[in-house]
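Chemist: So here's upload.pdb (PDB, N, CA and C atoms).
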ATOM      1  N   MET A   1       0.847  -1.174   0.000
ATOM      2  CA  MET A   1       0.000   0.000   0.000
ATOM      3  C   MET A   1       0.894   1.239   0.000
ATOM      4  N   VAL A   2       0.539   2.199  -0.802
ATOM      5  CA  VAL A   2       1.322   3.421  -0.924
ATOM      6  C   VAL A   2       0.658   4.529  -0.131
ATOM      7  N   PHE A   3       1.451   5.252   0.648
ATOM      8  CA  PHE A   3       0.934   6.358   1.440
ATOM      9  C   PHE A   3       1.386   7.669   0.815
ATOM     10  N   LYS A   4       0.477   8.612   0.733
ATOM     11  CA  LYS A   4       0.827   9.943   0.254
ATOM     12  C   LYS A   4       1.354  10.736   1.444
ATOM     13  N   GLN A   5       2.390  11.514   1.211
ATOM     14  CA  GLN A   5       2.952  12.313   2.291
ATOM     15  C   GLN A   5       2.162  13.600   2.454
ATOM     16  N   TRP A   6       2.073  14.047   3.691
ATOM     17  CA  TRP A   6       1.427  15.322   3.972
ATOM     18  C   TRP A   6       2.343  16.443   3.527
ATOM     19  N   ARG A   7       1.778  17.481   3.007
ATOM     20  CA  ARG A   7       2.565  18.654   2.625
ATOM     21  C   ARG A   7       2.773  19.500   3.866
ATOM     22  N   SER A   8       4.019  19.699   4.225
ATOM     23  CA  SER A   8       4.293  20.458   5.446
ATOM     24  C   SER A   8       4.068  21.945   5.245
ATOM     25  N   GLY A   9       4.168  22.443   4.012
ATOM     26  CA  GLY A   9       4.036  23.866   3.755
ATOM     27  C   GLY A   9       2.646  24.411   4.024
ATOM     28  N   ASP A  10       1.607  23.598   3.765
ATOM     29  CA  ASP A  10       0.254  24.096   3.962
ATOM     30  C   ASP A  10      -0.413  23.484   5.188
ATOM     31  N   GLY A  11       0.352  22.758   5.993
ATOM     32  CA  GLY A  11      -0.203  22.167   7.199
ATOM     33  C   GLY A  11      -1.240  21.094   6.923
ATOM     34  N   GLY A  12      -1.230  20.529   5.692
ATOM     35  CA  GLY A  12      -2.199  19.505   5.344
ATOM     36  C   GLY A  12      -3.545  20.072   4.937
ATOM     37  N   LEU A  13      -3.620  21.403   4.744
ATOM     38  CA  LEU A  13      -4.885  22.025   4.392
ATOM     39  C   LEU A  13      -4.853  22.551   2.974
ATOM     40  N   ALA A  14      -5.951  22.377   2.269
ATOM     41  CA  ALA A  14      -6.101  22.926   0.925
ATOM     42  C   ALA A  14      -6.840  24.260   1.043
ATOM     43  N   LYS A  15      -7.171  24.861  -0.095
ATOM     44  CA  LYS A  15      -7.922  26.114  -0.078
ATOM     45  C   LYS A  15      -9.228  25.919   0.672
ATOM     46  N   GLY A  16      -9.621  26.904   1.435
ATOM     47  CA  GLY A  16     -10.857  26.831   2.190
ATOM     48  C   GLY A  16     -10.700  26.108   3.513
ATOM     49  N   GLY A  17      -9.473  25.715   3.880
ATOM     50  CA  GLY A  17      -9.245  25.070   5.153
ATOM     51  C   GLY A  17      -9.625  23.594   5.195
ATOM     52  N   LYS A  18      -9.895  22.977   4.031
ATOM     53  CA  LYS A  18     -10.264  21.561   4.009
ATOM     54  C   LYS A  18      -9.015  20.695   3.892
ATOM     55  N   MET A  19      -9.095  19.503   4.440
ATOM     56  CA  MET A  19      -7.972  18.571   4.374
ATOM     57  C   MET A  19      -7.726  18.189   2.925
ATOM     58  N   ASN A  20      -6.463  18.151   2.511
ATOM     59  CA  ASN A  20      -6.165  17.726   1.152
ATOM     60  C   ASN A  20      -5.937  16.224   1.087
ATOM     61  N   GLN A  21      -5.996  15.547   2.191
ATOM     62  CA  GLN A  21      -5.882  14.098   2.253
ATOM     63  C   GLN A  21      -7.116  13.563   2.975
ATOM     64  N   GLU A  22      -7.509  12.362   2.634
ATOM     65  CA  GLU A  22      -8.666  11.755   3.280
ATOM     66  C   GLU A  22      -8.341  11.415   4.735
ATOM     67  N   VAL A  23      -9.263  11.702   5.612
ATOM     68  CA  VAL A  23      -9.102  11.403   7.026
ATOM     69  C   VAL A  23      -9.324   9.918   7.243
ATOM     70  N   LEU A  24      -8.504   9.321   8.096
ATOM     71  CA  LEU A  24      -8.641   7.907   8.405
ATOM     72  C   LEU A  24      -9.627   7.715   9.545
ATOM     73  N   LEU A  25     -10.431   6.655   9.445
ATOM     74  CA  LEU A  25     -11.390   6.318  10.494
ATOM     75  C   LEU A  25     -10.764   5.333  11.464
ATOM     76  N   ASN A  26     -11.217   5.349  12.710
ATOM     77  CA  ASN A  26     -10.739   4.371  13.678
ATOM     78  C   ASN A  26     -11.755   3.225  13.787
ATOM     79  N   VAL A  27     -11.452   2.237  14.602
ATOM     80  CA  VAL A  27     -12.310   1.054  14.726
ATOM     81  C   VAL A  27     -13.717   1.426  15.190
ATOM     82  N   LYS A  28     -13.801   2.307  16.163
ATOM     83  CA  LYS A  28     -15.116   2.703  16.686
ATOM     84  C   LYS A  28     -15.967   3.351  15.602
ATOM     85  N   GLN A  29     -15.364   4.237  14.817
ATOM     86  CA  GLN A  29     -16.095   4.913  13.750
ATOM     87  C   GLN A  29     -16.557   3.929  12.674
ATOM     88  N   VAL A  30     -15.701   2.967  12.339
ATOM     89  CA  VAL A  30     -16.065   1.960  11.334
ATOM     90  C   VAL A  30     -17.187   1.073  11.858
ATOM     91  N   ALA A  31     -17.110   0.697  13.113
ATOM     92  CA  ALA A  31     -18.163  -0.126  13.717
ATOM     93  C   ALA A  31     -19.508   0.608  13.663
ATOM     94  N   GLN A  32     -19.498   1.893  13.948
ATOM     95  CA  GLN A  32     -20.732   2.677  13.866
ATOM     96  C   GLN A  32     -21.217   2.769  12.422
ATOM     97  N   TYR A  33     -20.308   3.008  11.488
ATOM     98  CA  TYR A  33     -20.652   3.157  10.077
ATOM     99  C   TYR A  33     -21.267   1.873   9.524
ATOM    100  N   LEU A  34     -20.691   0.723   9.874
ATOM    101  CA  LEU A  34     -21.166  -0.559   9.355
ATOM    102  C   LEU A  34     -22.199  -1.214  10.268
ATOM    103  N   GLN A  35     -22.466  -0.585  11.399
ATOM    104  CA  GLN A  35     -23.419  -1.088  12.388
ATOM    105  C   GLN A  35     -23.044  -2.502  12.844
ATOM    106  N   LEU A  36     -21.791  -2.638  13.237
ATOM    107  CA  LEU A  36     -21.249  -3.893  13.742
ATOM    108  C   LEU A  36     -20.544  -3.634  15.068
ATOM    109  N   LYS A  37     -20.198  -4.695  15.761
ATOM    110  CA  LYS A  37     -19.449  -4.569  17.006
ATOM    111  C   LYS A  37     -17.990  -4.246  16.699
ATOM    112  N   GLU A  38     -17.355  -3.507  17.597
ATOM    113  CA  GLU A  38     -15.939  -3.173  17.436
ATOM    114  C   GLU A  38     -15.090  -4.435  17.363
ATOM    115  N   SER A  39     -15.444  -5.454  18.137
ATOM    116  CA  SER A  39     -14.670  -6.702  18.130
ATOM    117  C   SER A  39     -14.709  -7.376  16.757
ATOM    118  N   THR A  40     -15.827  -7.238  16.047
ATOM    119  CA  THR A  40     -15.930  -7.786  14.695
ATOM    120  C   THR A  40     -14.985  -7.056  13.752
ATOM    121  N   ILE A  41     -14.932  -5.739  13.883
ATOM    122  CA  ILE A  41     -14.048  -4.938  13.026
ATOM    123  C   ILE A  41     -12.588  -5.308  13.289
ATOM    124  N   TYR A  42     -12.200  -5.430  14.557
ATOM    125  CA  TYR A  42     -10.835  -5.844  14.892
ATOM    126  C   TYR A  42     -10.517  -7.198  14.264
ATOM    127  N   SER A  43     -11.405  -8.137  14.432
ATOM    128  CA  SER A  43     -11.197  -9.489  13.914
ATOM    129  C   SER A  43     -11.060  -9.481  12.397
ATOM    130  N   TRP A  44     -11.963  -8.782  11.716
ATOM    131  CA  TRP A  44     -11.909  -8.722  10.257
ATOM    132  C   TRP A  44     -10.630  -8.037   9.776
ATOM    133  N   ALA A  45     -10.202  -6.989  10.463
ATOM    134  CA  ALA A  45      -8.969  -6.288  10.080
ATOM    135  C   ALA A  45      -7.763  -7.221  10.224
ATOM    136  N   GLN A  46      -7.694  -7.929  11.345
ATOM    137  CA  GLN A  46      -6.571  -8.847  11.582
ATOM    138  C   GLN A  46      -6.550  -9.987  10.574
ATOM    139  N   ASP A  47      -7.736 -10.437  10.153
ATOM    140  CA  ASP A  47      -7.842 -11.547   9.206
ATOM    141  C   ASP A  47      -7.777 -11.101   7.751
ATOM    142  N   GLY A  48      -7.697  -9.793   7.520
ATOM    143  CA  GLY A  48      -7.622  -9.276   6.159
ATOM    144  C   GLY A  48      -8.953  -9.327   5.420
ATOM    145  N   LYS A  49     -10.052  -9.414   6.150
ATOM    146  CA  LYS A  49     -11.379  -9.490   5.540
ATOM    147  C   LYS A  49     -11.953  -8.123   5.189
ATOM    148  N   ILE A  50     -11.339  -7.078   5.723
ATOM    149  CA  ILE A  50     -11.795  -5.711   5.485
ATOM    150  C   ILE A  50     -10.553  -4.861   5.220
ATOM    151  N   PRO A  51     -10.617  -3.906   4.284
ATOM    152  CA  PRO A  51      -9.429  -3.089   3.999
ATOM    153  C   PRO A  51      -9.049  -2.213   5.193
ATOM    154  N   ALA A  52      -7.831  -2.405   5.674
ATOM    155  CA  ALA A  52      -7.384  -1.690   6.870
ATOM    156  C   ALA A  52      -5.892  -1.424   6.800
ATOM    157  N   ILE A  53      -5.462  -0.438   7.558
ATOM    158  CA  ILE A  53      -4.056  -0.069   7.659
ATOM    159  C   ILE A  53      -3.693  -0.106   9.136
ATOM    160  N   LYS A  54      -2.647  -0.812   9.478
ATOM    161  CA  LYS A  54      -2.214  -0.829  10.872
ATOM    162  C   LYS A  54      -1.091   0.183  11.035
ATOM    163  N   ILE A  55      -1.322   1.142  11.893
ATOM    164  CA  ILE A  55      -0.339   2.178  12.186
ATOM    165  C   ILE A  55       0.049   2.008  13.647
ATOM    166  N   GLY A  56       1.251   1.514  13.853
ATOM    167  CA  GLY A  56       1.654   1.194  15.220
ATOM    168  C   GLY A  56       0.799   0.050  15.731
ATOM    169  N   ARG A  57       0.085   0.302  16.807
ATOM    170  CA  ARG A  57      -0.778  -0.728  17.391
ATOM    171  C   ARG A  57      -2.254  -0.492  17.083
ATOM    172  N   THR A  58      -2.548   0.512  16.250
ATOM    173  CA  THR A  58      -3.942   0.845  15.976
ATOM    174  C   THR A  58      -4.310   0.590  14.515
ATOM    175  N   TRP A  59      -5.552   0.217  14.304
ATOM    176  CA  TRP A  59      -6.076   0.011  12.960
ATOM    177  C   TRP A  59      -6.735   1.290  12.484
ATOM    178  N   ARG A  60      -6.520   1.621  11.217
ATOM    179  CA  ARG A  60      -7.154   2.773  10.587
ATOM    180  C   ARG A  60      -7.751   2.317   9.256
ATOM    181  N   PHE A  61      -8.783   3.042   8.834
ATOM    182  CA  PHE A  61      -9.540   2.659   7.653
ATOM    183  C   PHE A  61      -9.851   3.894   6.816
ATOM    184  N   ARG A  62      -9.715   3.772   5.488
ATOM    185  CA  ARG A  62     -10.111   4.861   4.602
ATOM    186  C   ARG A  62     -11.555   4.636   4.190
ATOM    187  N   ARG A  63     -12.361   5.665   4.302
ATOM    188  CA  ARG A  63     -13.793   5.563   3.984
ATOM    189  C   ARG A  63     -14.001   5.093   2.548
ATOM    190  N   ALA A  64     -13.213   5.607   1.604
ATOM    191  CA  ALA A  64     -13.366   5.209   0.204
ATOM    192  C   ALA A  64     -13.101   3.711   0.028
ATOM    193  N   ASP A  65     -12.092   3.179   0.728
ATOM    194  CA  ASP A  65     -11.802   1.740   0.657
ATOM    195  C   ASP A  65     -12.957   0.921   1.220
ATOM    196  N   LEU A  66     -13.537   1.387   2.312
ATOM    197  CA  LEU A  66     -14.672   0.688   2.910
ATOM    198  C   LEU A  66     -15.877   0.701   1.984
ATOM    199  N   ASP A  67     -16.130   1.830   1.342
ATOM    200  CA  ASP A  67     -17.268   1.933   0.429
ATOM    201  C   ASP A  67     -17.103   0.991  -0.765
ATOM    202  N   GLU A  68     -15.887   0.924  -1.323
ATOM    203  CA  GLU A  68     -15.614   0.004  -2.437
ATOM    204  C   GLU A  68     -15.786  -1.447  -1.992
ATOM    205  N   TRP A  69     -15.263  -1.776  -0.812
ATOM    206  CA  TRP A  69     -15.361  -3.124  -0.264
ATOM    207  C   TRP A  69     -16.825  -3.510  -0.063
ATOM    208  N   LEU A  70     -17.594  -2.579   0.464
ATOM    209  CA  LEU A  70     -19.005  -2.825   0.710
ATOM    210  C   LEU A  70     -19.752  -3.066  -0.603
ATOM    211  N   GLU A  71     -19.478  -2.259  -1.616
ATOM    212  CA  GLU A  71     -20.113  -2.429  -2.926
ATOM    213  C   GLU A  71     -19.785  -3.796  -3.528
ATOM    214  N   ARG A  72     -18.518  -4.204  -3.444
ATOM    215  CA  ARG A  72     -18.119  -5.517  -3.978
ATOM    216  C   ARG A  72     -18.866  -6.634  -3.276
ATOM    217  N   HIS A  73     -18.985  -6.545  -1.958
ATOM    218  CA  HIS A  73     -19.661  -7.596  -1.197
ATOM    219  C   HIS A  73     -21.165  -7.615  -1.460
ATOM    220  N   LEU A  74     -21.756  -6.447  -1.640
ATOM    221  CA  LEU A  74     -23.183  -6.399  -1.954
ATOM    222  C   LEU A  74     -23.451  -6.990  -3.334
ATOM    223  N   LYS A  75     -22.583  -6.691  -4.301
ATOM    224  CA  LYS A  75     -22.748  -7.240  -5.653
ATOM    225  C   LYS A  75     -22.576  -8.752  -5.652
ATOM    226  N   SER A  76     -21.568  -9.256  -4.942
ATOM    227  CA  SER A  76     -21.341 -10.698  -4.913
ATOM    228  C   SER A  76     -22.475 -11.408  -4.176
ATOM    229  N   GLU A  77     -23.018 -10.766  -3.157
ATOM    230  CA  GLU A  77     -24.150 -11.349  -2.426
ATOM    231  C   GLU A  77     -25.380 -11.405  -3.307
ATOM    232  N   ASN A  78     -25.629 -10.323  -4.067
ATOM    233  CA  ASN A  78     -26.787 -10.286  -4.956
ATOM    234  C   ASN A  78     -26.665 -11.290  -6.088
ATOM    235  N   SER A  79     -25.445 -11.463  -6.623
ATOM    236  CA  SER A  79     -25.267 -12.434  -7.715
ATOM    237  C   SER A  79     -25.415 -13.853  -7.198
ATOM    238  N   ALA A  80     -25.001 -14.106  -5.949
ATOM    239  CA  ALA A  80     -25.167 -15.431  -5.349
ATOM    240  C   ALA A  80     -26.655 -15.741  -5.163
ATOM    241  N   LYS A  81     -27.436 -14.739  -4.746
ATOM    242  CA  LYS A  81     -28.861 -14.940  -4.569
ATOM    243  C   LYS A  81     -29.539 -15.192  -5.914
ATOM    244  N   ALA A  82     -29.096 -14.486  -6.958
ATOM    245  CA  ALA A  82     -29.668 -14.670  -8.292
ATOM    246  C   ALA A  82     -29.374 -16.071  -8.812
ATOM    247  N   THR A  83     -28.173 -16.583  -8.533
ATOM    248  CA  THR A  83     -27.793 -17.932  -8.952
ATOM    249  C   THR A  83     -28.637 -18.973  -8.242
ATOM    250  N   GLU A  84     -28.906 -18.766  -6.953
ATOM    251  CA  GLU A  84     -29.735 -19.692  -6.176
ATOM    252  C   GLU A  84     -31.164 -19.734  -6.704
ATOM    253  N   ALA A  85     -31.653 -18.589  -7.182
ATOM    254  CA  ALA A  85     -33.034 -18.501  -7.670
ATOM    255  C   ALA A  85     -33.219 -19.239  -9.005
ATOM    256  N   ASP A  86     -32.118 -19.417  -9.759
ATOM    257  CA  ASP A  86     -32.208 -20.103 -11.060
ATOM    258  C   ASP A  86     -32.410 -21.557 -10.943
TER     259      ASP A  86
END
Once more with this new file: its structure as structure tokens, please.
Modeler:
Amino acid sequence: MVFKQWRSGDGGLAKGGKMNQEVLLNVKQVAQYLQLKESTIYSWAQDGKIPAIKIGRTWRFRRADLDEWLERHLKSENSAKATEAD
């Protein structure tokens, strides 16, 4: 995985004071977003079942990666149901 470096000259802020890099979510935020238990998120991150980045001892998640992962799983689930119906 490739990480983009923060620009030190602008303090990580673009025009209008907005972050020029995507903010990383923590386990609690992901659990709330996916409506799952935090322990499930930890387990899935450790098992590589959900896109995650380990920084030191903490797991972090990019919202865009989670959204893509969710879309892939919803599509595969829907295609599996369609196959069962045939």
Chemist: What is the distance between CA of Lys75 in chain A and atom N of Leu25 in chain A, in Å to one decimal?
Modeler: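 Computed distance, CA of Lys75 in chain A to atom N of Leu25 in chain A, equals 23.9 Å.
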Chemist: Please report the interatomic distance between CA of Lys81 in chain A and atom N of Lys49 in chain A in Å with one decimal.
Modeler: 22.3 Å
Chemist: Rounded to one decimal place, report the atom C of Arg57 in chain A-CA of Glu71 in chain A distance in Å.
Modeler: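 About the pair atom C of Arg57 in chain A and CA of Glu71 in chain A: they are 26.9 Å apart.
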Chemist: Based on DSSP run over this structure's backbone, return all residues of range 23-52 of chain A in alpha helix (DSSP H), as a PyMOL selection string.
Modeler: chain A and resi 27-34+38-47
Chemist: Taking into account all atoms listed in the file, which residue in the set A:Thr83, A:Arg63, A:Glu68, A:Val27 is nearest to Tyr42 in chain A?
Modeler: A:Val27
Chemist: Using all atoms listed in the file, what residues lie at most 6 Å away from (-7.9, 2.6, 3.4) (file coordinates), given as a list of chain:residue names?
Modeler: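 With a cut-off of 6 Å, the residues come to A:Pro51, A:Ala52, A:Ile53, A:Arg60, A:Phe61, A:Arg62, A:Arg63, A:Asp65, A:Leu66.
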Chemist: Draw an axis-aligned box over all listed atoms of range 65-75 of chain A, pad each side with 3 Å, and write its centre and edge lengths in Å, one decimal, as JSON.
Modeler:
{"center_x": -17.6, "center_y": -2.8, "center_z": -1.4, "size_x": 17.6, "size_y": 17.9, "size_z": 14.6}
